[in-house]
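Undergrad: Below you'll find my_file.pdb; it's PDB, C-alpha atoms.
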ATOM      1  CA  MET E   1       0.000   0.000   0.000  1.00  0.00           C
ATOM      2  CA  THR E   2       1.412   3.389  -1.010  1.00  0.00           C
ATOM      3  CA  VAL E   3       0.589   6.309   1.228  1.00  0.00           C
ATOM      4  CA  LEU E   4       2.682   8.962  -0.476  1.00  0.00           C
ATOM      5  CA  SER E   5       3.601   9.173  -4.119  1.00  0.00           C
ATOM      6  CA  SER E   6       6.891  10.864  -3.254  1.00  0.00           C
ATOM      7  CA  ARG E   7       9.610  10.254  -0.700  1.00  0.00           C
ATOM      8  CA  TRP E   8       9.505  13.905   0.377  1.00  0.00           C
ATOM      9  CA  VAL E   9       6.675  16.158   1.421  1.00  0.00           C
ATOM     10  CA  GLU E  10       7.292  19.882   1.212  1.00  0.00           C
ATOM     11  CA  LEU E  11       5.564  21.839   3.970  1.00  0.00           C
ATOM     12  CA  ASP E  12       4.833  25.552   4.079  1.00  0.00           C
ATOM     13  CA  GLN E  13       6.959  27.510   6.500  1.00  0.00           C
ATOM     14  CA  VAL E  14       5.286  28.486   9.737  1.00  0.00           C
ATOM     15  CA  LYS E  15       5.615  32.267   9.774  1.00  0.00           C
ATOM     16  CA  ALA E  16       3.674  35.231  11.071  1.00  0.00           C
ATOM     17  CA  ARG E  17       1.296  36.950   8.655  1.00  0.00           C
ATOM     18  CA  ILE E  18       0.094  40.530   9.105  1.00  0.00           C
ATOM     19  CA  TYR E  19      -3.459  41.669   8.351  1.00  0.00           C
ATOM     20  CA  GLU E  20      -2.840  45.346   7.605  1.00  0.00           C
ATOM     21  CA  MET E  21      -6.531  46.285   7.773  1.00  0.00           C
ATOM     22  CA  ARG E  22      -6.680  45.099  11.408  1.00  0.00           C
ATOM     23  CA  CYS E  23      -3.206  46.067  12.610  1.00  0.00           C
ATOM     24  CA  ASP E  24      -3.003  49.458  14.334  1.00  0.00           C
ATOM     25  CA  CYS E  25       0.764  49.202  15.008  1.00  0.00           C
ATOM     26  CA  CYS E  26       0.305  49.082  18.787  1.00  0.00           C
ATOM     27  CA  ALA E  27       3.558  47.037  18.954  1.00  0.00           C
ATOM     28  CA  LEU E  28       2.324  44.549  21.565  1.00  0.00           C
ATOM     29  CA  CYS E  29       3.433  41.751  19.239  1.00  0.00           C
ATOM     30  CA  VAL E  30       6.830  43.395  18.765  1.00  0.00           C
ATOM     31  CA  ASP E  31       7.334  43.518  22.534  1.00  0.00           C
ATOM     32  CA  VAL E  32       6.523  39.827  23.123  1.00  0.00           C
ATOM     33  CA  CYS E  33       8.430  38.324  20.185  1.00  0.00           C
ATOM     34  CA  PRO E  34      11.359  36.350  21.643  1.00  0.00           C
ATOM     35  CA  TYR E  35      13.123  36.260  18.260  1.00  0.00           C
ATOM     36  CA  GLU E  36      12.918  39.986  17.398  1.00  0.00           C
ATOM     37  CA  ALA E  37      11.185  38.983  14.164  1.00  0.00           C
ATOM     38  CA  LEU E  38       8.748  41.912  14.131  1.00  0.00           C
ATOM     39  CA  ALA E  39       9.369  45.619  13.718  1.00  0.00           C
ATOM     40  CA  ILE E  40       7.439  48.828  13.177  1.00  0.00           C
ATOM     41  CA  GLU E  41       8.739  50.682  10.131  1.00  0.00           C
ATOM     42  CA  ARG E  42       7.647  53.715   8.167  1.00  0.00           C
ATOM     43  CA  GLU E  43       6.369  53.329   4.635  1.00  0.00           C
ATOM     44  CA  GLU E  44       8.104  55.425   2.023  1.00  0.00           C
ATOM     45  CA  THR E  45       5.813  57.787   0.148  1.00  0.00           C
ATOM     46  CA  ALA E  46       6.590  59.603  -3.090  1.00  0.00           C
ATOM     47  CA  GLY E  47      10.245  58.612  -2.854  1.00  0.00           C
ATOM     48  CA  LYS E  48      10.768  60.439   0.428  1.00  0.00           C
ATOM     49  CA  ASP E  49      12.304  58.502   3.289  1.00  0.00           C
ATOM     50  CA  GLU E  50      10.726  58.343   6.746  1.00  0.00           C
ATOM     51  CA  THR E  51       7.612  60.351   5.809  1.00  0.00           C
ATOM     52  CA  GLY E  52       4.986  57.644   5.417  1.00  0.00           C
ATOM     53  CA  LYS E  53       2.685  55.994   7.895  1.00  0.00           C
ATOM     54  CA  GLN E  54       3.855  53.231  10.202  1.00  0.00           C
ATOM     55  CA  LYS E  55       3.458  49.572   9.347  1.00  0.00           C
ATOM     56  CA  LEU E  56       4.315  46.280  10.996  1.00  0.00           C
ATOM     57  CA  VAL E  57       6.793  44.062   9.171  1.00  0.00           C
ATOM     58  CA  VAL E  58       7.862  40.449   9.693  1.00  0.00           C
ATOM     59  CA  ARG E  59      11.501  39.477   9.303  1.00  0.00           C
ATOM     60  CA  PRO E  60      10.957  35.963   7.888  1.00  0.00           C
ATOM     61  CA  ALA E  61      14.504  34.783   8.584  1.00  0.00           C
ATOM     62  CA  LYS E  62      14.015  35.439  12.299  1.00  0.00           C
ATOM     63  CA  CYS E  63      10.407  34.244  12.696  1.00  0.00           C
ATOM     64  CA  LYS E  64      10.123  30.763  14.231  1.00  0.00           C
ATOM     65  CA  GLY E  65       6.320  30.600  14.156  1.00  0.00           C
ATOM     66  CA  CYS E  66       5.937  30.357  17.939  1.00  0.00           C
ATOM     67  CA  GLY E  67       2.594  32.212  18.023  1.00  0.00           C
ATOM     68  CA  ALA E  68       3.465  34.672  20.812  1.00  0.00           C
ATOM     69  CA  CYS E  69       2.634  37.607  18.547  1.00  0.00           C
ATOM     70  CA  GLN E  70      -0.761  36.202  17.621  1.00  0.00           C
ATOM     71  CA  ALA E  71      -1.632  35.572  21.259  1.00  0.00           C
ATOM     72  CA  ALA E  72      -0.654  39.143  22.205  1.00  0.00           C
ATOM     73  CA  CYS E  73      -2.609  40.948  19.472  1.00  0.00           C
ATOM     74  CA  PRO E  74      -5.971  42.288  20.698  1.00  0.00           C
ATOM     75  CA  LYS E  75      -7.096  43.170  17.148  1.00  0.00           C
ATOM     76  CA  GLU E  76      -6.321  39.800  15.490  1.00  0.00           C
ATOM     77  CA  GLY E  77      -3.995  41.738  13.196  1.00  0.00           C
ATOM     78  CA  ILE E  78      -1.363  39.013  13.011  1.00  0.00           C
ATOM     79  CA  SER E  79      -1.596  35.258  12.729  1.00  0.00           C
ATOM     80  CA  VAL E  80       0.708  32.296  12.453  1.00  0.00           C
ATOM     81  CA  THR E  81       0.068  29.525   9.966  1.00  0.00           C
ATOM     82  CA  GLY E  82      -1.290  26.483  11.759  1.00  0.00           C
ATOM     83  CA  PHE E  83      -2.692  28.293  14.813  1.00  0.00           C
ATOM     84  CA  SER E  84      -6.300  29.441  14.987  1.00  0.00           C
ATOM     85  CA  TYR E  85      -7.376  32.059  17.502  1.00  0.00           C
ATOM     86  CA  SER E  86      -9.603  29.504  19.229  1.00  0.00           C
ATOM     87  CA  GLN E  87      -6.654  27.111  19.627  1.00  0.00           C
ATOM     88  CA  LEU E  88      -4.527  29.838  21.189  1.00  0.00           C
ATOM     89  CA  ALA E  89      -7.358  30.868  23.509  1.00  0.00           C
ATOM     90  CA  ALA E  90      -7.761  27.260  24.646  1.00  0.00           C
ATOM     91  CA  GLN E  91      -4.025  27.008  25.359  1.00  0.00           C
ATOM     92  CA  VAL E  92      -4.092  30.221  27.392  1.00  0.00           C
ATOM     93  CA  ARG E  93      -7.124  29.028  29.388  1.00  0.00           C
ATOM     94  CA  ALA E  94      -5.405  25.698  30.075  1.00  0.00           C
ATOM     95  CA  ALA E  95      -2.240  27.444  31.234  1.00  0.00           C
ATOM     96  CA  LEU E  96      -4.213  29.652  33.623  1.00  0.00           C
ATOM     97  CA  GLU E  97      -6.031  26.730  35.276  1.00  0.00           C
TER      98      GLU E  97
END
Translate the structure described by the file into structure tokens.

TA:
Amino acid sequence: MTVLSSRWVELDQVKARIYEMRCDCCALCVDVCPYEALAIEREETAGKDETGKQKLVVRPAKCKGCGACQAACPKEGISVTGFSYSQLAAQVRAALE
């Protein structure tokens, strides 16, 4: 019986994803990230440096997908592949009991 047609299975990387419409750049996620994978930067506008609005950025090379940022965000503005908000809430409730 063959389960896989290939010897290797390629998985997506577990990384943080920002939802810009929800994110208000409060930086709670930046503060809790143990890997310093998140930062608040300014968008460039019309070719001028440091004049745009703030935005949250993920540094993919540093992100380990731990979910601390997602758990800290009150606006659900960031998520990590593989973790739903209900799963994180259940883990927090279990830890508090």

Undergrad: Please list as a VMD selection string every residue within 12 Å of Cys23 of chain E, counting all atoms listed in the file and excluding residues in the same chain fewer than 4 positions away.

TA: chain E and resid 17 to 19 27 to 29 40 54 to 57 69 to 70 73 to 79

Undergrad: Could you check how far atom CA of Lys64 of chain E sits from atom CA of Ala16 of chain E, in Å to one decimal?

TA: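 We find that atom CA of Lys64 of chain E and atom CA of Ala16 of chain E lie 8.5 Å from each other.
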
Undergrad: If you measure from atom CA of Glu20 of chain E to atom CA of Glu43 of chain E, what distance in Å do you get, rounded to one decimal?

TA: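 Straight-line distance from atom CA of Glu20 of chain E to atom CA of Glu43 of chain E works out to 12.5 Å.
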
Undergrad: Using all atoms of segment 33-37 of chain E listed in the file and a margin of 5 Å per side, can you give the axis-aligned box centre and edge lengths in Å to one decimal, as lines of an AutoDock Vina configuration file?

TA:
center_x = 10.8
center_y = 38.1
center_z = 17.9
size_x = 14.7
size_y = 13.7
size_z = 17.5

Undergrad: From the options E:Arg42, E:Tyr85, E:Pro34, E:Val14, which residue's atoms come nearest to Pro60 of chain E, counting all atoms listed in the file?

TA: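 Closest to Pro60 of chain E of all the choices is E:Val14.
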
Undergrad: Point out the residue among E:Leu96, E:Ala71, E:Met21, E:Cys26 with the least atom-to-atom distance to Ser84 of chain E, counting all atoms listed in the file.

TA: E:Ala71

Undergrad: Contacts of Gly67 of chain E at 9 Å or less, counting only C-alpha atoms, minus same-chain residues fewer than 5 places along, as a tab-separated table (two decimals) with C-alpha atoms, keeping the file's coordinate frame?

TA:
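Output below, filename result.tsv:
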chain	number	residue	atom	x	y	z
E	15	LYS	CA	5.62	32.27	9.77
E	16	ALA	CA	3.67	35.23	11.07
E	33	CYS	CA	8.43	38.32	20.18
E	72	ALA	CA	-0.65	39.14	22.20
E	79	SER	CA	-1.60	35.26	12.73
E	80	VAL	CA	0.71	32.30	12.45
E	81	THR	CA	0.07	29.52	9.97
E	83	PHE	CA	-2.69	28.29	14.81
E	88	LEU	CA	-4.53	29.84	21.19
